[in-house]
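Visitor: Can you keep this structure in mind? I'll have questions shortly.
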Amino acid sequence: MSKPIQRFMTVVAMSSLLLTAASPAWADGADPVNSATPATNTVTIPVDNRSPGERLFTSLQSNIEYVFNEQTSDGTTRTIALVKLKNVSGKAVAIPNYEIRMETVRGTEYTMQAGSGNVKTIQPYSEAEFSYISLSEVDSQITPAKINWVDVNLEVYPKTETVILSLPVPKGTWQNDSSDINDQTAIKKWGEKFTISSTNSPLTYTPVSIKQDKILANQTEKNVTVVTFLVENPSAKKETVPDLVVNGKTDSEVLYSSRVEQGPIVLERKEQKYVVYEFLTQDNVKLTSLNIQTPESYSQLDAKGQLAMNSYSIGRLKIQLPQDNVDLQANVIDYVADSALKLDSISTAIPSALQISIAGESLLANEDVGFKTMLVKFKLNNMGNETIALPDIPLELLSPDGYHYAGTRESTSIQQLIPNTSYIVSYTFLLPSSESGQQLTLQVFDNQIRAPFKTILAAYRLTLPTESTDDLAFALYPYKLIISSEEAPSTTVGIDPLTGSATTGLVWKTSINLIRAQNVLVSTTSSKLQFELLDGNSKLLGTSILGFSGTQKLIDGEQYIRFNSLDINSNTRFTPLTINIYETYDTPLGLVKRYLGKYVKS
């Protein structure tokens, strides 16, 4: 058969195949750039695999991965098409030498150059990606409509051109970082797990935290918004986290992030790790969405014949954010009394053998200075067989309106906790006087796993106990006590050691039933009980403070509570006498207290 007849028959065969098999690389309306899982509709390109004395035709499956179309600052339009070809045969297939052209919506054609990294042959049952680039120096934006594969026959005169394959460019081509993602299959909700199929990686990602923080850069404190993803490797082999571009969008601008972790992040089989991105932001800037983009590149020979790399990024997924996302954390749950905190298993800051529970919460006030203190007692229980170093756990309280209050651990001489022993450690949180203390969220952090930022390990909503009980039975873990008395306070006379003058006091004889939990250590700086003596006019006559350790302490059994140097004058009414009982705690700003109950004796 002559070559012209053979070429004619070949074109007829190809055209027939395209009429029956050709279809868009994606369904109408779909956006390959904005799809986490590209569509599977494919087109079969007849491949001209020339060898001496014969012409062998086989099949390659193809689809357009994406089209990037950007107008640069100098007015040049850069169009990049990435095509994936898959060899479904059992033989190596050479890529046909067709001319690739971009056709615009106006019918203008621009020849596209193949990237220098494109392979010449695809091995059996393998696939490869091919990049084609067009640089168009025009004044207006070019809108691609089709990518055409054209067979140019130079063996006849005049030459003939046959369009072997024409694929429509999908709608919504990616233009720049301001482009939006509208394909619903590529839009994820906050906290929803996702994969990025274009990276050929099995890793899954879950957005777990957005938090505003501050960093020190060049001796200047700057505001940052920190976004954390939990990355998990579900496969049976080691995987490296691919480089991703995470951009944030506000109502008016695009914010660019940088990854906190430096160098490769490698996950062993079934391993989980955090990956953190930080955005430099202004105060109270709220992101509306996050765009997950993959960095791409192509290589070309420049005018001097040297290989030049060109980079860009393509949007893959969009993560929608709730409207109120200044501090968006993992699920907050209500704390159940006496239950152990369920901490993030990834963190190693807190030993796994250390069980932590909340032993009590109190809201104490300093009426003179005008502030409140939230006192939270934690029970640290060593469940293991080895001594554990006592950790200083970063804690914060988060109010419903978004205010943060940092916790301070009490000073303690105990540095280690022996096996099968518990220790009560108190944290204080300084609050404004306007804070009710209701619906506060306790956040437990790890400040080591991704320093300088804190990783949240748990978030629990606290419920304060009833402030006033008006009885004399108290639970101040690890102590329970019941105070009873049938006698009115009796008058005593003493001598002031400074002035030598006589002073008047009162002694209140009580019976105290004091019960202490076993194998629980308590700091000497823990809270105390304060007794305030008031006369019939509600005038404060004197106070007495007793702790649970030391020389002036509460005991189980008969107890004498002394009020010395009373403020007594001619207007003092001794009936009825009232003794108010408070829980107190020493802070750097002074003594704070919480009302517990009272005793009245006529």
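Labeling convention for the structure tokens: chains A, B, ... as they appear, residues from 1 per chain, ligands from 1 in order of appearance.
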Would you write out, as a tab-separated table, a table of all residues in stretch 342-398 of chain A that have an atom no more than 12 Å from an atom of stretch 512-527 of chain A, listing for each the closest atom pair and the distance in Å to one decimal, considering only C-alpha atoms and ordering rows by chain and rising residue number?
Guide:
residue	atom	partner	partner_atom	distance
A:Ala359	CA	A:Val520	CA	11.5
A:Gly360	CA	A:Ser527	CA	11.5
A:Glu361	CA	A:Ser527	CA	11.7
A:Ser362	CA	A:Ser527	CA	10.3
A:Leu364	CA	A:Ser527	CA	10.8
A:Leu375	CA	A:Ser527	CA	9.1
A:Val376	CA	A:Ser527	CA	10.8
A:Lys377	CA	A:Ser526	CA	9.2
A:Phe378	CA	A:Val522	CA	10.7
A:Lys379	CA	A:Val520	CA	8.5
A:Leu380	CA	A:Val520	CA	9.1
A:Asn381	CA	A:Val520	CA	8.6
A:Asn382	CA	A:Val520	CA	10.7
Visitor: Can you write just those residues out, N, CA, C and O atoms, as a PDB file, in the first residue's frame?
Guide:
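File part-v4.pdb, as written:
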ATOM      1  N   ALA A 359     -10.021  17.403  90.268  1.00  0.00           N
ATOM      2  CA  ALA A 359     -10.471  17.106  91.633  1.00  0.00           C
ATOM      3  C   ALA A 359     -11.396  18.177  92.179  1.00  0.00           C
ATOM      4  O   ALA A 359     -12.028  17.968  93.222  1.00  0.00           O
ATOM      5  N   GLY A 360     -11.498  19.300  91.509  1.00  0.00           N
ATOM      6  CA  GLY A 360     -12.395  20.347  91.996  1.00  0.00           C
ATOM      7  C   GLY A 360     -12.120  21.674  91.309  1.00  0.00           C
ATOM      8  O   GLY A 360     -11.002  21.958  90.898  1.00  0.00           O
ATOM      9  N   GLU A 361     -13.195  22.468  91.159  1.00  0.00           N
ATOM     10  CA  GLU A 361     -13.068  23.811  90.592  1.00  0.00           C
ATOM     11  C   GLU A 361     -13.733  24.800  91.534  1.00  0.00           C
ATOM     12  O   GLU A 361     -14.806  24.535  92.069  1.00  0.00           O
ATOM     13  N   SER A 362     -13.081  25.939  91.727  1.00  0.00           N
ATOM     14  CA  SER A 362     -13.616  26.971  92.615  1.00  0.00           C
ATOM     15  C   SER A 362     -13.390  28.332  91.974  1.00  0.00           C
ATOM     16  O   SER A 362     -12.346  28.569  91.366  1.00  0.00           O
ATOM     17  N   LEU A 364     -12.911  32.032  93.097  1.00  0.00           N
ATOM     18  CA  LEU A 364     -12.620  32.834  94.279  1.00  0.00           C
ATOM     19  C   LEU A 364     -12.449  34.288  93.874  1.00  0.00           C
ATOM     20  O   LEU A 364     -12.037  34.588  92.742  1.00  0.00           O
ATOM     21  N   LEU A 375      -9.731  28.538  90.582  1.00  0.00           N
ATOM     22  CA  LEU A 375      -8.835  27.554  91.169  1.00  0.00           C
ATOM     23  C   LEU A 375      -9.276  26.164  90.707  1.00  0.00           C
ATOM     24  O   LEU A 375     -10.396  25.739  90.980  1.00  0.00           O
ATOM     25  N   VAL A 376      -8.401  25.486  89.979  1.00  0.00           N
ATOM     26  CA  VAL A 376      -8.701  24.139  89.498  1.00  0.00           C
ATOM     27  C   VAL A 376      -7.682  23.180  90.090  1.00  0.00           C
ATOM     28  O   VAL A 376      -6.473  23.366  89.923  1.00  0.00           O
ATOM     29  N   LYS A 377      -8.182  22.180  90.796  1.00  0.00           N
ATOM     30  CA  LYS A 377      -7.318  21.168  91.390  1.00  0.00           C
ATOM     31  C   LYS A 377      -7.290  19.932  90.498  1.00  0.00           C
ATOM     32  O   LYS A 377      -8.346  19.440  90.081  1.00  0.00           O
ATOM     33  N   PHE A 378      -6.089  19.462  90.233  1.00  0.00           N
ATOM     34  CA  PHE A 378      -5.914  18.268  89.414  1.00  0.00           C
ATOM     35  C   PHE A 378      -5.348  17.131  90.248  1.00  0.00           C
ATOM     36  O   PHE A 378      -4.460  17.343  91.081  1.00  0.00           O
ATOM     37  N   LYS A 379      -5.871  15.959  89.985  1.00  0.00           N
ATOM     38  CA  LYS A 379      -5.349  14.758  90.626  1.00  0.00           C
ATOM     39  C   LYS A 379      -4.470  14.034  89.615  1.00  0.00           C
ATOM     40  O   LYS A 379      -4.942  13.594  88.571  1.00  0.00           O
ATOM     41  N   LEU A 380      -3.166  13.940  89.938  1.00  0.00           N
ATOM     42  CA  LEU A 380      -2.215  13.243  89.094  1.00  0.00           C
ATOM     43  C   LEU A 380      -1.951  11.878  89.712  1.00  0.00           C
ATOM     44  O   LEU A 380      -1.450  11.788  90.837  1.00  0.00           O
ATOM     45  N   ASN A 381      -2.293  10.834  88.985  1.00  0.00           N
ATOM     46  CA  ASN A 381      -2.205   9.481  89.530  1.00  0.00           C
ATOM     47  C   ASN A 381      -1.210   8.673  88.707  1.00  0.00           C
ATOM     48  O   ASN A 381      -1.383   8.485  87.499  1.00  0.00           O
ATOM     49  N   ASN A 382      -0.147   8.194  89.368  1.00  0.00           N
ATOM     50  CA  ASN A 382       0.859   7.368  88.703  1.00  0.00           C
ATOM     51  C   ASN A 382       0.356   5.931  88.666  1.00  0.00           C
ATOM     52  O   ASN A 382       0.384   5.220  89.663  1.00  0.00           O
TER      53      ASN A 382
END
Visitor: Per residue of stretch 104-148 of chain A within 10 Å of stretch 79-91 of chain A, which atom pair is closest and at what distance in Å (one decimal), using only C-alpha atoms, listed by chain and increasing number, as a Markdown table?
Guide:
| residue | atom | partner | partner_atom | distance |
| --- | --- | --- | --- | --- |
| A:Tyr110 | CA | A:Thr79 | CA | 9.9 |
| A:Met112 | CA | A:Ile80 | CA | 8.5 |
| A:Gln113 | CA | A:Ile80 | CA | 9.5 |
| A:Ala114 | CA | A:Ala81 | CA | 9.8 |
| A:Gly115 | CA | A:Ile80 | CA | 9.6 |
| A:Thr121 | CA | A:Asn87 | CA | 9.6 |
| A:Ile122 | CA | A:Asn87 | CA | 6.4 |
| A:Gln123 | CA | A:Lys91 | CA | 6.8 |
| A:Pro124 | CA | A:Gly90 | CA | 4.8 |
| A:Tyr125 | CA | A:Val88 | CA | 4.9 |
| A:Ser126 | CA | A:Asn87 | CA | 5.4 |
| A:Glu127 | CA | A:Lys86 | CA | 4.0 |
| A:Ala128 | CA | A:Leu85 | CA | 5.5 |
| A:Glu129 | CA | A:Lys84 | CA | 4.5 |
| A:Phe130 | CA | A:Val83 | CA | 5.1 |
| A:Ser131 | CA | A:Leu82 | CA | 4.6 |
| A:Tyr132 | CA | A:Ala81 | CA | 5.3 |
| A:Ile133 | CA | A:Ile80 | CA | 4.6 |
| A:Ser134 | CA | A:Thr79 | CA | 5.2 |
| A:Leu135 | CA | A:Thr79 | CA | 6.5 |
| A:Ser136 | CA | A:Thr79 | CA | 8.2 |
| A:Ile142 | CA | A:Thr79 | CA | 8.8 |
| A:Thr143 | CA | A:Thr79 | CA | 9.4 |
| A:Pro144 | CA | A:Thr79 | CA | 8.2 |
| A:Ile147 | CA | A:Ala81 | CA | 8.2 |
Visitor: Give me, as a ChimeraX atom specification, all polymer residues having an atom no more than 10 Å from stretch 489-492 of chain A, counting only C-alpha atoms and skipping those fewer than 4 positions away in the same chain.
Guide: /A:485,503-510,533,560-565,574,577-579,601
Visitor: I need the residues of stretch 299-381 of chain A that end up classed as strand (DSSP E) by DSSP on the backbone, written out as a compact mmCIF listing (two decimals) with N, CA, C and O atoms, in the first residue's frame.
Guide:
# COMPACT_ATOMS: atom_id res chain seq x y z
N SER A 299 9.93 22.20 33.02
CA SER A 299 11.25 22.63 32.57
C SER A 299 11.23 22.88 31.07
O SER A 299 10.56 22.17 30.31
N GLN A 300 11.98 23.92 30.66
CA GLN A 300 12.10 24.27 29.25
C GLN A 300 13.51 24.75 28.98
O GLN A 300 14.20 25.26 29.89
N LEU A 301 13.93 24.64 27.73
CA LEU A 301 15.21 25.20 27.31
C LEU A 301 15.01 26.67 27.00
O LEU A 301 14.09 27.05 26.27
N LEU A 307 18.59 24.64 30.56
CA LEU A 307 17.34 24.15 31.14
C LEU A 307 16.89 25.08 32.25
O LEU A 307 17.66 25.39 33.17
N ALA A 308 15.66 25.55 32.16
CA ALA A 308 15.11 26.46 33.15
C ALA A 308 13.86 25.84 33.77
O ALA A 308 13.01 25.29 33.06
N MET A 309 13.76 25.93 35.09
CA MET A 309 12.60 25.41 35.81
C MET A 309 11.61 26.54 36.07
O MET A 309 11.99 27.65 36.41
N ASN A 310 10.34 26.25 35.90
CA ASN A 310 9.28 27.22 36.14
C ASN A 310 8.29 26.61 37.13
O ASN A 310 7.90 25.44 36.99
N SER A 311 7.87 27.39 38.12
CA SER A 311 7.02 26.87 39.20
C SER A 311 5.68 27.59 39.24
O SER A 311 5.57 28.76 38.85
N TYR A 312 4.68 26.90 39.73
CA TYR A 312 3.35 27.45 39.94
C TYR A 312 2.63 26.48 40.87
O TYR A 312 3.19 25.45 41.28
N SER A 313 1.42 26.78 41.26
CA SER A 313 0.66 25.87 42.12
C SER A 313 -0.78 25.78 41.62
O SER A 313 -1.31 26.72 41.03
N ILE A 314 -1.38 24.63 41.90
CA ILE A 314 -2.74 24.33 41.43
C ILE A 314 -3.64 24.04 42.63
O ILE A 314 -3.28 23.25 43.51
N GLY A 315 -4.80 24.66 42.66
CA GLY A 315 -5.75 24.41 43.74
C GLY A 315 -6.37 23.04 43.64
O GLY A 315 -6.78 22.61 42.56
N ARG A 316 -6.43 22.34 44.77
CA ARG A 316 -6.98 20.98 44.80
C ARG A 316 -8.24 20.87 45.65
O ARG A 316 -9.20 20.20 45.28
N LEU A 317 -8.19 21.50 46.82
CA LEU A 317 -9.30 21.38 47.77
C LEU A 317 -9.56 22.72 48.45
O LEU A 317 -8.65 23.56 48.59
N LYS A 318 -10.78 22.88 48.88
CA LYS A 318 -11.17 24.06 49.64
C LYS A 318 -11.78 23.62 50.96
O LYS A 318 -12.65 22.74 50.97
N ILE A 319 -11.31 24.18 52.06
CA ILE A 319 -11.84 23.85 53.38
C ILE A 319 -12.64 25.04 53.88
O ILE A 319 -12.11 26.14 54.06
N GLN A 320 -13.93 24.83 54.05
CA GLN A 320 -14.78 25.90 54.56
C GLN A 320 -14.60 26.02 56.07
O GLN A 320 -14.49 25.03 56.78
N ASP A 327 -10.57 30.92 67.31
CA ASP A 327 -9.98 29.78 68.02
C ASP A 327 -10.86 28.57 67.77
O ASP A 327 -11.88 28.37 68.44
N LEU A 328 -10.49 27.80 66.79
CA LEU A 328 -11.27 26.64 66.39
C LEU A 328 -10.49 25.40 66.78
O LEU A 328 -9.42 25.14 66.25
N ILE A 333 -15.96 18.75 75.02
CA ILE A 333 -16.96 17.91 75.67
C ILE A 333 -17.11 18.34 77.12
O ILE A 333 -16.21 18.96 77.70
N ASP A 334 -18.25 18.04 77.69
CA ASP A 334 -18.50 18.37 79.10
C ASP A 334 -17.71 17.42 79.99
O ASP A 334 -17.70 16.20 79.78
N LEU A 354 0.61 8.36 83.49
CA LEU A 354 0.09 9.40 84.38
C LEU A 354 -1.35 9.70 84.02
O LEU A 354 -1.65 10.21 82.94
N GLN A 355 -2.25 9.35 84.93
CA GLN A 355 -3.68 9.61 84.74
C GLN A 355 -4.04 10.94 85.40
O GLN A 355 -3.70 11.18 86.56
N ILE A 356 -4.72 11.80 84.65
CA ILE A 356 -5.05 13.14 85.15
C ILE A 356 -6.57 13.29 85.20
O ILE A 356 -7.27 12.99 84.24
N SER A 357 -7.06 13.76 86.34
CA SER A 357 -8.48 14.06 86.49
C SER A 357 -8.62 15.38 87.24
O SER A 357 -7.66 15.87 87.86
N ILE A 358 -9.80 15.96 87.17
CA ILE A 358 -10.07 17.22 87.87
C ILE A 358 -10.68 16.90 89.22
O ILE A 358 -11.70 16.23 89.31
N ALA A 359 -10.02 17.40 90.27
CA ALA A 359 -10.47 17.11 91.63
C ALA A 359 -11.40 18.18 92.18
O ALA A 359 -12.03 17.97 93.22
N GLY A 360 -11.50 19.30 91.51
CA GLY A 360 -12.40 20.35 92.00
C GLY A 360 -12.12 21.67 91.31
O GLY A 360 -11.00 21.96 90.90
N GLU A 361 -13.20 22.47 91.16
CA GLU A 361 -13.07 23.81 90.59
C GLU A 361 -13.73 24.80 91.53
O GLU A 361 -14.81 24.54 92.07
N SER A 362 -13.08 25.94 91.73
CA SER A 362 -13.62 26.97 92.62
C SER A 362 -13.39 28.33 91.97
O SER A 362 -12.35 28.57 91.37
N LEU A 363 -14.36 29.22 92.11
CA LEU A 363 -14.21 30.60 91.67
C LEU A 363 -14.09 31.47 92.90
O LEU A 363 -15.03 31.63 93.67
N LEU A 364 -12.91 32.03 93.10
CA LEU A 364 -12.62 32.83 94.28
C LEU A 364 -12.45 34.29 93.87
O LEU A 364 -12.04 34.59 92.74
N ALA A 365 -12.75 35.21 94.79
CA ALA A 365 -12.73 36.63 94.45
C ALA A 365 -11.89 37.41 95.43
O ALA A 365 -11.78 37.06 96.62
N ASN A 366 -11.27 38.47 94.95
CA ASN A 366 -10.60 39.46 95.78
C ASN A 366 -11.40 40.75 95.65
O ASN A 366 -11.27 41.48 94.67
N PHE A 371 -10.71 41.45 91.23
CA PHE A 371 -10.48 40.40 90.26
C PHE A 371 -10.96 39.08 90.84
O PHE A 371 -11.25 38.96 92.03
N LYS A 372 -11.06 38.09 89.98
CA LYS A 372 -11.44 36.75 90.42
C LYS A 372 -10.35 35.77 90.04
O LYS A 372 -9.57 36.01 89.13
N THR A 373 -10.34 34.66 90.75
CA THR A 373 -9.38 33.60 90.46
C THR A 373 -10.13 32.28 90.34
O THR A 373 -10.89 31.91 91.23
N MET A 374 -9.89 31.61 89.23
CA MET A 374 -10.43 30.27 89.06
C MET A 374 -9.37 29.31 89.58
O MET A 374 -8.23 29.29 89.09
N LEU A 375 -9.73 28.54 90.58
CA LEU A 375 -8.83 27.55 91.17
C LEU A 375 -9.28 26.16 90.71
O LEU A 375 -10.40 25.74 90.98
N VAL A 376 -8.40 25.49 89.98
CA VAL A 376 -8.70 24.14 89.50
C VAL A 376 -7.68 23.18 90.09
O VAL A 376 -6.47 23.37 89.92
N LYS A 377 -8.18 22.18 90.80
CA LYS A 377 -7.32 21.17 91.39
C LYS A 377 -7.29 19.93 90.50
O LYS A 377 -8.35 19.44 90.08
N PHE A 378 -6.09 19.46 90.23
CA PHE A 378 -5.91 18.27 89.41
C PHE A 378 -5.35 17.13 90.25
O PHE A 378 -4.46 17.34 91.08
N LYS A 379 -5.87 15.96 89.99
CA LYS A 379 -5.35 14.76 90.63
C LYS A 379 -4.47 14.03 89.62
O LYS A 379 -4.94 13.59 88.57
N LEU A 380 -3.17 13.94 89.94
CA LEU A 380 -2.22 13.24 89.09
C LEU A 380 -1.95 11.88 89.71
O LEU A 380 -1.45 11.79 90.84
N ASN A 381 -2.29 10.83 88.98
CA ASN A 381 -2.21 9.48 89.53
C ASN A 381 -1.21 8.67 88.71
O ASN A 381 -1.38 8.48 87.50
Visitor: Compile the contact shell of A:Asn233 as a list in words: residues with an atom at most 8 Å away, counting only C-alpha atoms, same-chain residues fewer than 2 positions apart removed.
Guide: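 My reading of the contact set: Pro202, Leu203, Thr204, Val231, Ser235, Lys238, Glu239, Leu267, Glu268, Arg269, Lys270, Glu271 and Gln272 of chain A.
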Visitor: Save the residues we just selected, N, CA, C and O atoms, as a compact mmCIF listing (two decimals), in the first residue's frame?
Guide:
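Just written: result-v6.txt:
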# COMPACT_ATOMS: atom_id res chain seq x y z
N PRO A 202 -1.19 7.98 49.97
CA PRO A 202 -2.32 7.47 50.74
C PRO A 202 -2.60 8.28 52.02
O PRO A 202 -3.54 7.98 52.74
N LEU A 203 -1.77 9.27 52.31
CA LEU A 203 -1.90 10.01 53.56
C LEU A 203 -3.25 10.70 53.64
O LEU A 203 -3.76 11.24 52.65
N THR A 204 -3.82 10.69 54.85
CA THR A 204 -5.06 11.41 55.11
C THR A 204 -4.78 12.62 55.97
O THR A 204 -3.86 12.61 56.80
N VAL A 231 -2.03 14.43 60.29
CA VAL A 231 -1.74 13.62 59.11
C VAL A 231 -1.53 12.18 59.56
O VAL A 231 -0.80 11.92 60.52
N SER A 235 -1.20 3.31 55.37
CA SER A 235 -0.61 2.24 54.59
C SER A 235 0.37 1.41 55.42
O SER A 235 0.64 1.72 56.58
N LYS A 238 6.40 3.15 54.79
CA LYS A 238 6.78 4.50 55.17
C LYS A 238 6.35 5.49 54.08
O LYS A 238 6.47 5.23 52.90
N GLU A 239 5.84 6.66 54.51
CA GLU A 239 5.40 7.68 53.57
C GLU A 239 5.95 9.04 53.99
O GLU A 239 6.06 9.35 55.18
N LEU A 267 6.36 9.60 57.93
CA LEU A 267 5.45 8.84 58.78
C LEU A 267 5.67 7.35 58.56
O LEU A 267 5.61 6.87 57.42
N GLU A 268 5.91 6.65 59.64
CA GLU A 268 5.99 5.20 59.56
C GLU A 268 4.58 4.63 59.37
O GLU A 268 3.58 5.35 59.43
N ARG A 269 4.50 3.36 59.10
CA ARG A 269 3.19 2.72 58.89
C ARG A 269 2.28 2.96 60.10
O ARG A 269 2.70 2.83 61.25
N LYS A 270 1.07 3.38 59.84
CA LYS A 270 0.03 3.62 60.85
C LYS A 270 0.37 4.77 61.79
O LYS A 270 -0.32 4.96 62.80
N GLU A 271 1.36 5.56 61.48
CA GLU A 271 1.78 6.64 62.38
C GLU A 271 0.97 7.91 62.09
O GLU A 271 0.49 8.13 60.98
N GLN A 272 0.84 8.75 63.12
CA GLN A 272 0.18 10.05 63.01
C GLN A 272 1.15 11.15 63.43
O GLN A 272 1.94 10.97 64.34
